[in-house]
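Enquirer: Following this line is protein_3.cif, made up of mmCIF, C-alpha atoms; chains and numbers go by the auth columns:
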```
data_entry
loop_
_atom_site.group_PDB
_atom_site.id
_atom_site.type_symbol
_atom_site.label_atom_id
_atom_site.label_comp_id
_atom_site.label_asym_id
_atom_site.label_seq_id
_atom_site.Cartn_x
_atom_site.Cartn_y
_atom_site.Cartn_z
_atom_site.B_iso_or_equiv
_atom_site.auth_seq_id
_atom_site.auth_asym_id
ATOM 1 C CA MET A 1 70.147 119.309 -78.666 0.00 1 A
ATOM 2 C CA ASN A 2 69.394 118.242 -82.228 0.00 2 A
ATOM 3 C CA LEU A 3 68.099 114.720 -82.671 0.00 3 A
ATOM 4 C CA HIS A 4 67.821 112.830 -85.926 0.00 4 A
ATOM 5 C CA ILE A 5 65.947 109.718 -86.883 0.00 5 A
ATOM 6 C CA ILE A 6 68.129 107.522 -89.078 0.00 6 A
ATOM 7 C CA ASN A 7 67.612 104.180 -90.794 0.00 7 A
ATOM 8 C CA GLU A 8 70.799 102.132 -90.833 0.00 8 A
ATOM 9 C CA ALA A 9 72.110 98.682 -89.999 0.00 9 A
ATOM 10 C CA ASN A 10 73.953 99.242 -86.721 0.00 10 A
ATOM 11 C CA GLU A 11 74.558 96.353 -84.299 0.00 11 A
ATOM 12 C CA ASP A 12 75.637 98.681 -81.465 0.00 12 A
ATOM 13 C CA ALA A 13 72.431 100.703 -81.756 0.00 13 A
ATOM 14 C CA LYS A 14 70.356 97.526 -82.025 0.00 14 A
ATOM 15 C CA ASN A 15 71.948 96.116 -78.864 0.00 15 A
ATOM 16 C CA TYR A 16 71.463 99.430 -77.036 0.00 16 A
ATOM 17 C CA ILE A 17 67.730 99.504 -77.841 0.00 17 A
ATOM 18 C CA ARG A 18 67.288 95.802 -77.001 0.00 18 A
ATOM 19 C CA ASN A 19 69.153 96.171 -73.688 0.00 19 A
ATOM 20 C CA LYS A 20 67.261 99.322 -72.705 0.00 20 A
ATOM 21 C CA MET A 21 63.941 97.636 -73.499 0.00 21 A
ATOM 22 C CA PHE A 22 64.988 94.618 -71.427 0.00 22 A
ATOM 23 C CA GLU A 23 66.037 96.933 -68.575 0.00 23 A
ATOM 24 C CA PHE A 24 62.671 98.732 -68.680 0.00 24 A
ATOM 25 C CA ASN A 25 60.686 95.497 -68.840 0.00 25 A
ATOM 26 C CA SER A 26 62.698 94.025 -65.963 0.00 26 A
ATOM 27 C CA MET A 27 61.421 96.775 -63.663 0.00 27 A
ATOM 28 C CA HIS A 28 57.914 95.395 -64.277 0.00 28 A
ATOM 29 C CA PHE A 29 58.661 91.657 -64.095 0.00 29 A
ATOM 30 C CA PRO A 30 56.891 89.948 -61.230 0.00 30 A
ATOM 31 C CA ASP A 31 59.518 88.669 -58.790 0.00 31 A
ATOM 32 C CA GLN A 32 58.888 85.021 -59.660 0.00 32 A
ATOM 33 C CA PHE A 33 59.862 85.745 -63.288 0.00 33 A
ATOM 34 C CA LYS A 34 63.003 87.793 -62.683 0.00 34 A
ATOM 35 C CA GLY A 35 66.082 86.249 -64.232 0.00 35 A
ATOM 36 C CA ARG A 36 64.016 84.086 -66.554 0.00 36 A
ATOM 37 C CA TYR A 37 65.233 85.574 -69.816 0.00 37 A
ATOM 38 C CA GLN A 38 67.305 83.328 -72.055 0.00 38 A
ATOM 39 C CA GLU A 39 67.997 83.208 -75.766 0.00 39 A
ATOM 40 C CA VAL A 40 67.210 79.846 -77.343 0.00 40 A
ATOM 41 C CA ASN A 41 69.291 79.006 -80.399 0.00 41 A
ATOM 42 C CA LEU A 42 69.134 75.413 -81.602 0.00 42 A
ATOM 43 C CA TYR A 43 71.008 74.634 -84.804 0.00 43 A
ATOM 44 C CA LEU A 44 70.892 71.708 -87.205 0.00 44 A
ATOM 45 C CA LYS A 45 74.459 71.173 -88.386 0.00 45 A
ATOM 46 C CA ASN A 46 76.119 68.454 -90.490 0.00 46 A
ATOM 47 C CA ASP A 47 79.506 66.781 -89.879 0.00 47 A
ATOM 48 C CA ALA A 48 81.191 69.313 -92.187 0.00 48 A
ATOM 49 C CA GLY A 49 80.016 72.161 -89.947 0.00 49 A
ATOM 50 C CA GLN A 50 77.389 73.452 -92.370 0.00 50 A
ATOM 51 C CA PHE A 51 74.225 74.903 -90.821 0.00 51 A
ATOM 52 C CA LEU A 52 71.096 73.410 -92.345 0.00 52 A
ATOM 53 C CA GLY A 53 68.407 74.738 -90.065 0.00 53 A
ATOM 54 C CA GLY A 54 67.461 75.725 -86.576 0.00 54 A
ATOM 55 C CA ILE A 55 65.207 77.498 -84.148 0.00 55 A
ATOM 56 C CA MET A 56 65.956 80.947 -82.795 0.00 56 A
ATOM 57 C CA GLY A 57 63.879 82.414 -80.018 0.00 57 A
ATOM 58 C CA GLU A 58 63.833 83.329 -76.368 0.00 58 A
ATOM 59 C CA VAL A 59 62.392 82.443 -73.008 0.00 59 A
ATOM 60 C CA CYS A 60 60.910 85.509 -71.380 0.00 60 A
ATOM 61 C CA TRP A 61 58.863 85.648 -68.175 0.00 61 A
ATOM 62 C CA ASN A 62 56.583 82.622 -68.400 0.00 62 A
ATOM 63 C CA TRP A 63 56.699 81.864 -72.124 0.00 63 A
ATOM 64 C CA MET A 64 58.962 80.911 -74.988 0.00 64 A
ATOM 65 C CA GLU A 65 58.740 82.825 -78.232 0.00 65 A
ATOM 66 C CA VAL A 66 60.017 81.225 -81.442 0.00 66 A
ATOM 67 C CA HIS A 67 61.212 83.914 -83.831 0.00 67 A
ATOM 68 C CA TYR A 68 62.519 81.635 -86.560 0.00 68 A
ATOM 69 C CA LEU A 69 62.278 77.946 -87.394 0.00 69 A
ATOM 70 C CA PHE A 70 63.975 76.940 -90.621 0.00 70 A
ATOM 71 C CA VAL A 71 65.004 73.622 -92.164 0.00 71 A
ATOM 72 C CA ASP A 72 66.894 73.535 -95.458 0.00 72 A
ATOM 73 C CA GLU A 73 64.622 72.509 -98.315 0.00 73 A
ATOM 74 C CA GLN A 74 66.358 69.192 -99.068 0.00 74 A
ATOM 75 C CA LEU A 75 65.813 68.082 -95.450 0.00 75 A
ATOM 76 C CA ARG A 76 62.154 69.041 -95.120 0.00 76 A
ATOM 77 C CA LYS A 77 59.731 66.193 -94.427 0.00 77 A
ATOM 78 C CA SER A 78 62.612 64.246 -92.790 0.00 78 A
ATOM 79 C CA GLY A 79 61.537 64.981 -89.211 0.00 79 A
ATOM 80 C CA TYR A 80 64.162 67.601 -88.374 0.00 80 A
ATOM 81 C CA GLY A 81 61.629 70.394 -87.879 0.00 81 A
ATOM 82 C CA THR A 82 59.774 68.153 -85.442 0.00 82 A
ATOM 83 C CA LYS A 83 63.002 67.307 -83.602 0.00 83 A
ATOM 84 C CA LEU A 84 63.888 70.986 -83.300 0.00 84 A
ATOM 85 C CA LEU A 85 60.401 71.847 -82.046 0.00 85 A
ATOM 86 C CA ILE A 86 60.453 68.993 -79.513 0.00 86 A
ATOM 87 C CA GLN A 87 63.817 70.144 -78.178 0.00 87 A
ATOM 88 C CA ALA A 88 62.579 73.749 -77.910 0.00 88 A
ATOM 89 C CA GLU A 89 59.496 72.543 -76.038 0.00 89 A
ATOM 90 C CA ALA A 90 61.724 70.553 -73.646 0.00 90 A
ATOM 91 C CA ILE A 91 63.638 73.766 -72.899 0.00 91 A
ATOM 92 C CA ALA A 92 60.345 75.607 -72.357 0.00 92 A
ATOM 93 C CA LYS A 93 59.199 72.912 -69.898 0.00 93 A
ATOM 94 C CA ASP A 94 62.554 72.977 -68.111 0.00 94 A
ATOM 95 C CA LYS A 95 62.298 76.763 -67.784 0.00 95 A
ATOM 96 C CA LYS A 96 58.739 76.390 -66.429 0.00 96 A
ATOM 97 C CA CYS A 97 57.124 78.245 -69.323 0.00 97 A
ATOM 98 C CA ASP A 98 53.332 78.220 -69.499 0.00 98 A
ATOM 99 C CA PHE A 99 53.206 78.434 -73.306 0.00 99 A
ATOM 100 C CA ILE A 100 55.119 78.804 -76.565 0.00 100 A
ATOM 101 C CA LYS A 101 54.114 81.389 -79.141 0.00 101 A
ATOM 102 C CA LEU A 102 55.161 81.861 -82.742 0.00 102 A
ATOM 103 C CA ASP A 103 53.890 83.138 -86.063 0.00 103 A
ATOM 104 C CA THR A 104 53.799 81.872 -89.634 0.00 104 A
ATOM 105 C CA LEU A 105 52.514 82.932 -93.032 0.00 105 A
ATOM 106 C CA SER A 106 50.004 80.923 -95.057 0.00 106 A
ATOM 107 C CA PHE A 107 52.709 79.705 -97.480 0.00 107 A
ATOM 108 C CA GLN A 108 54.957 78.534 -94.647 0.00 108 A
ATOM 109 C CA ALA A 109 54.117 75.939 -91.999 0.00 109 A
ATOM 110 C CA LEU A 110 50.639 76.426 -90.507 0.00 110 A
ATOM 111 C CA ASP A 111 49.707 72.739 -90.839 0.00 111 A
ATOM 112 C CA PHE A 112 53.051 71.673 -89.341 0.00 112 A
ATOM 113 C CA TYR A 113 52.527 73.789 -86.229 0.00 113 A
ATOM 114 C CA GLN A 114 48.892 72.729 -85.828 0.00 114 A
ATOM 115 C CA LYS A 115 49.968 69.085 -86.109 0.00 115 A
ATOM 116 C CA HIS A 116 52.251 69.788 -83.137 0.00 116 A
ATOM 117 C CA GLY A 117 49.472 71.194 -80.970 0.00 117 A
ATOM 118 C CA PHE A 118 49.682 74.908 -81.737 0.00 118 A
ATOM 119 C CA GLU A 119 46.417 76.818 -81.989 0.00 119 A
ATOM 120 C CA VAL A 120 45.745 80.004 -83.929 0.00 120 A
ATOM 121 C CA TYR A 121 44.930 82.962 -81.672 0.00 121 A
ATOM 122 C CA GLY A 122 45.218 85.753 -84.216 0.00 122 A
ATOM 123 C CA ILE A 123 45.114 86.354 -87.955 0.00 123 A
ATOM 124 C CA ILE A 124 46.095 89.267 -90.180 0.00 124 A
ATOM 125 C CA GLU A 125 44.789 89.098 -93.729 0.00 125 A
ATOM 126 C CA ASN A 126 46.667 90.533 -96.706 0.00 126 A
ATOM 127 C CA ALA A 127 50.136 90.378 -95.198 0.00 127 A
ATOM 128 C CA GLY A 128 51.980 90.738 -98.479 0.00 128 A
ATOM 129 C CA GLY A 129 49.092 88.982 -100.183 0.00 129 A
ATOM 130 C CA TYR A 130 49.139 86.110 -97.673 0.00 130 A
ATOM 131 C CA THR A 131 47.564 85.403 -94.309 0.00 131 A
ATOM 132 C CA HIS A 132 49.701 85.917 -91.194 0.00 132 A
ATOM 133 C CA TYR A 133 48.880 83.497 -88.355 0.00 133 A
ATOM 134 C CA TYR A 134 49.791 83.866 -84.687 0.00 134 A
ATOM 135 C CA LEU A 135 49.889 80.593 -82.787 0.00 135 A
ATOM 136 C CA LYS A 136 50.207 79.437 -79.196 0.00 136 A
ATOM 137 C CA LYS A 137 50.741 76.089 -77.511 0.00 137 A
ATOM 138 C CA ASP A 138 50.154 75.626 -73.798 0.00 138 A
ATOM 139 C CA ILE A 139 52.873 73.661 -72.020 0.00 139 A
ATOM 140 C CA VAL A 140 51.393 70.854 -69.969 0.00 140 A
#
```
Can I see the file as structure tokens?

Expert:
Amino acid sequence: MNLHIINEANEDAKNYIRNKMFEFNSMHFPDQFKGRYQEVNLYLKNDAGQFLGGIMGEVCWNWMEVHYLFVDEQLRKSGYGTKLLIQAEAIAKDKKCDFIKLDTLSFQALDFYQKHGFEVYGIIENAGGYTHYYLKKDIV
């Protein structure tokens, strides 16, 4: 059998790898965490149906991971990022998560996350010339 490593945008392949990884991880989930995977997709949308921001992440085992939090530039500093984060945290509490984790670059939103109780647990310097921060917030 000849195998090839290819680099291409392929949703079917992406889903296959994601599903196989989930299947493998599920064999190792402690029983109390089985069935606790859920995508979290909260969107900020106007009356015209235009998307202006959101949070995309997932609940897995005993934590929530935020992959993306974005608010359109004209709406920043209007409280929508906070509202999105509060709603995500409510989902994490409802799903009995112990913590939320996320990451940000030094030009993004470190102060915003720290203001909301996130603490830095890891740093990578020179990530494209910036600092890459990994943050965690315990759910009380």

Enquirer: Tell me which residues the PyMOL selection byres ((chain A and resi 48-65) around 7) grabs here, as a VMD selection string.

Expert: chain A and resid 33 36 to 47 66 to 72 84 92 96 to 102

Enquirer: In terms of the shortest atom-to-atom distance over all atoms listed in the file, which of A:Asp103, A:Gly117, A:Ala127, A:Ala109 is closest to A:Ile86?

Expert: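 Ranking A:Asp103, A:Gly117, A:Ala127, A:Ala109 by distance to A:Ile86, first place goes to A:Gly117.
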
Enquirer: For the atom pair atom CA of A:Asn10 and atom CA of A:Ser26, what is the interatomic distance in Å to one decimal place?

Expert: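 Separating atom CA of A:Asn10 from atom CA of A:Ser26 is a distance of 24.2 Å.
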
Enquirer: What gap, in Å, lies between atom CA of A:Leu105 and atom CA of A:Thr131?

Expert: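 The value is 5.7 Å.
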
Enquirer: What does the distance from atom CA of A:Lys95 to atom CA of A:Gly35 come to in Å, to one decimal?

Expert: 10.8 Å

Enquirer: What would stretch 47-73 of chain A look like with N, CA, C and O atoms in place, written as a PDB file, in the frame of the given file?

Expert:
```pdb
ATOM      1  N   ASP A  47      78.142  67.098 -90.329  1.00  0.00           N
ATOM      2  CA  ASP A  47      79.506  66.781 -89.879  1.00  0.00           C
ATOM      3  C   ASP A  47      80.559  67.734 -90.442  1.00  0.00           C
ATOM      4  O   ASP A  47      81.619  67.896 -89.860  1.00  0.00           O
ATOM      5  N   ALA A  48      80.254  68.366 -91.575  1.00  0.00           N
ATOM      6  CA  ALA A  48      81.191  69.313 -92.187  1.00  0.00           C
ATOM      7  C   ALA A  48      81.083  70.711 -91.576  1.00  0.00           C
ATOM      8  O   ALA A  48      81.796  71.620 -91.973  1.00  0.00           O
ATOM      9  N   GLY A  49      80.168  70.874 -90.606  1.00  0.00           N
ATOM     10  CA  GLY A  49      80.016  72.161 -89.947  1.00  0.00           C
ATOM     11  C   GLY A  49      79.047  73.103 -90.635  1.00  0.00           C
ATOM     12  O   GLY A  49      78.925  74.255 -90.238  1.00  0.00           O
ATOM     13  N   GLN A  50      78.337  72.617 -91.638  1.00  0.00           N
ATOM     14  CA  GLN A  50      77.389  73.452 -92.370  1.00  0.00           C
ATOM     15  C   GLN A  50      76.060  73.518 -91.623  1.00  0.00           C
ATOM     16  O   GLN A  50      75.528  72.491 -91.191  1.00  0.00           O
ATOM     17  N   PHE A  51      75.526  74.716 -91.459  1.00  0.00           N
ATOM     18  CA  PHE A  51      74.225  74.903 -90.821  1.00  0.00           C
ATOM     19  C   PHE A  51      73.130  74.627 -91.838  1.00  0.00           C
ATOM     20  O   PHE A  51      73.156  75.162 -92.947  1.00  0.00           O
ATOM     21  N   LEU A  52      72.164  73.796 -91.437  1.00  0.00           N
ATOM     22  CA  LEU A  52      71.096  73.410 -92.345  1.00  0.00           C
ATOM     23  C   LEU A  52      69.718  73.702 -91.782  1.00  0.00           C
ATOM     24  O   LEU A  52      68.710  73.328 -92.374  1.00  0.00           O
ATOM     25  N   GLY A  53      69.685  74.365 -90.646  1.00  0.00           N
ATOM     26  CA  GLY A  53      68.407  74.738 -90.065  1.00  0.00           C
ATOM     27  C   GLY A  53      68.564  75.096 -88.601  1.00  0.00           C
ATOM     28  O   GLY A  53      69.659  75.061 -88.055  1.00  0.00           O
ATOM     29  N   GLY A  54      67.425  75.420 -88.001  1.00  0.00           N
ATOM     30  CA  GLY A  54      67.461  75.725 -86.576  1.00  0.00           C
ATOM     31  C   GLY A  54      66.233  76.469 -86.102  1.00  0.00           C
ATOM     32  O   GLY A  54      65.332  76.798 -86.888  1.00  0.00           O
ATOM     33  N   ILE A  55      66.223  76.684 -84.816  1.00  0.00           N
ATOM     34  CA  ILE A  55      65.207  77.498 -84.148  1.00  0.00           C
ATOM     35  C   ILE A  55      65.937  78.606 -83.415  1.00  0.00           C
ATOM     36  O   ILE A  55      66.929  78.357 -82.732  1.00  0.00           O
ATOM     37  N   MET A  56      65.432  79.823 -83.557  1.00  0.00           N
ATOM     38  CA  MET A  56      65.956  80.947 -82.795  1.00  0.00           C
ATOM     39  C   MET A  56      64.782  81.598 -82.078  1.00  0.00           C
ATOM     40  O   MET A  56      63.742  81.860 -82.680  1.00  0.00           O
ATOM     41  N   GLY A  57      64.944  81.811 -80.800  1.00  0.00           N
ATOM     42  CA  GLY A  57      63.879  82.414 -80.018  1.00  0.00           C
ATOM     43  C   GLY A  57      64.390  82.833 -78.658  1.00  0.00           C
ATOM     44  O   GLY A  57      65.587  83.042 -78.466  1.00  0.00           O
ATOM     45  N   GLU A  58      63.451  82.913 -77.713  1.00  0.00           N
ATOM     46  CA  GLU A  58      63.833  83.329 -76.368  1.00  0.00           C
ATOM     47  C   GLU A  58      62.785  82.880 -75.365  1.00  0.00           C
ATOM     48  O   GLU A  58      61.614  82.731 -75.695  1.00  0.00           O
ATOM     49  N   VAL A  59      63.263  82.650 -74.154  1.00  0.00           N
ATOM     50  CA  VAL A  59      62.392  82.443 -73.008  1.00  0.00           C
ATOM     51  C   VAL A  59      62.319  83.773 -72.296  1.00  0.00           C
ATOM     52  O   VAL A  59      63.348  84.406 -72.030  1.00  0.00           O
ATOM     53  N   CYS A  60      61.106  84.227 -72.043  1.00  0.00           N
ATOM     54  CA  CYS A  60      60.910  85.509 -71.380  1.00  0.00           C
ATOM     55  C   CYS A  60      59.716  85.379 -70.438  1.00  0.00           C
ATOM     56  O   CYS A  60      58.647  84.925 -70.864  1.00  0.00           O
ATOM     57  N   TRP A  61      59.890  85.772 -69.204  1.00  0.00           N
ATOM     58  CA  TRP A  61      58.863  85.648 -68.175  1.00  0.00           C
ATOM     59  C   TRP A  61      58.366  84.214 -68.110  1.00  0.00           C
ATOM     60  O   TRP A  61      59.092  83.335 -67.719  1.00  0.00           O
ATOM     61  N   ASN A  62      57.147  83.968 -68.522  1.00  0.00           N
ATOM     62  CA  ASN A  62      56.583  82.622 -68.400  1.00  0.00           C
ATOM     63  C   ASN A  62      56.265  82.011 -69.760  1.00  0.00           C
ATOM     64  O   ASN A  62      55.413  81.145 -69.867  1.00  0.00           O
ATOM     65  N   TRP A  63      56.946  82.448 -70.816  1.00  0.00           N
ATOM     66  CA  TRP A  63      56.699  81.864 -72.124  1.00  0.00           C
ATOM     67  C   TRP A  63      57.986  81.757 -72.921  1.00  0.00           C
ATOM     68  O   TRP A  63      59.002  82.364 -72.600  1.00  0.00           O
ATOM     69  N   MET A  64      57.908  80.958 -73.980  1.00  0.00           N
ATOM     70  CA  MET A  64      58.962  80.911 -74.988  1.00  0.00           C
ATOM     71  C   MET A  64      58.370  81.488 -76.267  1.00  0.00           C
ATOM     72  O   MET A  64      57.227  81.186 -76.618  1.00  0.00           O
ATOM     73  N   GLU A  65      59.151  82.311 -76.936  1.00  0.00           N
ATOM     74  CA  GLU A  65      58.740  82.825 -78.232  1.00  0.00           C
ATOM     75  C   GLU A  65      59.721  82.330 -79.281  1.00  0.00           C
ATOM     76  O   GLU A  65      60.932  82.504 -79.136  1.00  0.00           O
ATOM     77  N   VAL A  66      59.200  81.673 -80.323  1.00  0.00           N
ATOM     78  CA  VAL A  66      60.017  81.225 -81.442  1.00  0.00           C
ATOM     79  C   VAL A  66      59.970  82.321 -82.497  1.00  0.00           C
ATOM     80  O   VAL A  66      58.894  82.668 -82.990  1.00  0.00           O
ATOM     81  N   HIS A  67      61.128  82.870 -82.807  1.00  0.00           N
ATOM     82  CA  HIS A  67      61.212  83.914 -83.831  1.00  0.00           C
ATOM     83  C   HIS A  67      61.408  83.306 -85.214  1.00  0.00           C
ATOM     84  O   HIS A  67      60.851  83.804 -86.194  1.00  0.00           O
ATOM     85  N   TYR A  68      62.233  82.277 -85.283  1.00  0.00           N
ATOM     86  CA  TYR A  68      62.519  81.635 -86.560  1.00  0.00           C
ATOM     87  C   TYR A  68      62.628  80.128 -86.367  1.00  0.00           C
ATOM     88  O   TYR A  68      63.247  79.673 -85.409  1.00  0.00           O
ATOM     89  N   LEU A  69      62.035  79.384 -87.284  1.00  0.00           N
ATOM     90  CA  LEU A  69      62.278  77.946 -87.394  1.00  0.00           C
ATOM     91  C   LEU A  69      62.481  77.694 -88.879  1.00  0.00           C
ATOM     92  O   LEU A  69      61.619  78.000 -89.695  1.00  0.00           O
ATOM     93  N   PHE A  70      63.647  77.176 -89.217  1.00  0.00           N
ATOM     94  CA  PHE A  70      63.975  76.940 -90.621  1.00  0.00           C
ATOM     95  C   PHE A  70      64.692  75.613 -90.756  1.00  0.00           C
ATOM     96  O   PHE A  70      65.570  75.282 -89.961  1.00  0.00           O
ATOM     97  N   VAL A  71      64.297  74.844 -91.782  1.00  0.00           N
ATOM     98  CA  VAL A  71      65.004  73.622 -92.164  1.00  0.00           C
ATOM     99  C   VAL A  71      65.258  73.721 -93.663  1.00  0.00           C
ATOM    100  O   VAL A  71      64.344  74.015 -94.434  1.00  0.00           O
ATOM    101  N   ASP A  72      66.511  73.474 -94.059  1.00  0.00           N
ATOM    102  CA  ASP A  72      66.894  73.535 -95.458  1.00  0.00           C
ATOM    103  C   ASP A  72      65.956  72.673 -96.302  1.00  0.00           C
ATOM    104  O   ASP A  72      65.529  71.605 -95.875  1.00  0.00           O
ATOM    105  N   GLU A  73      65.655  73.144 -97.484  1.00  0.00           N
ATOM    106  CA  GLU A  73      64.622  72.509 -98.315  1.00  0.00           C
ATOM    107  C   GLU A  73      64.859  71.021 -98.552  1.00  0.00           C
ATOM    108  O   GLU A  73      63.933  70.223 -98.486  1.00  0.00           O
TER     109      GLU A  73
END
```
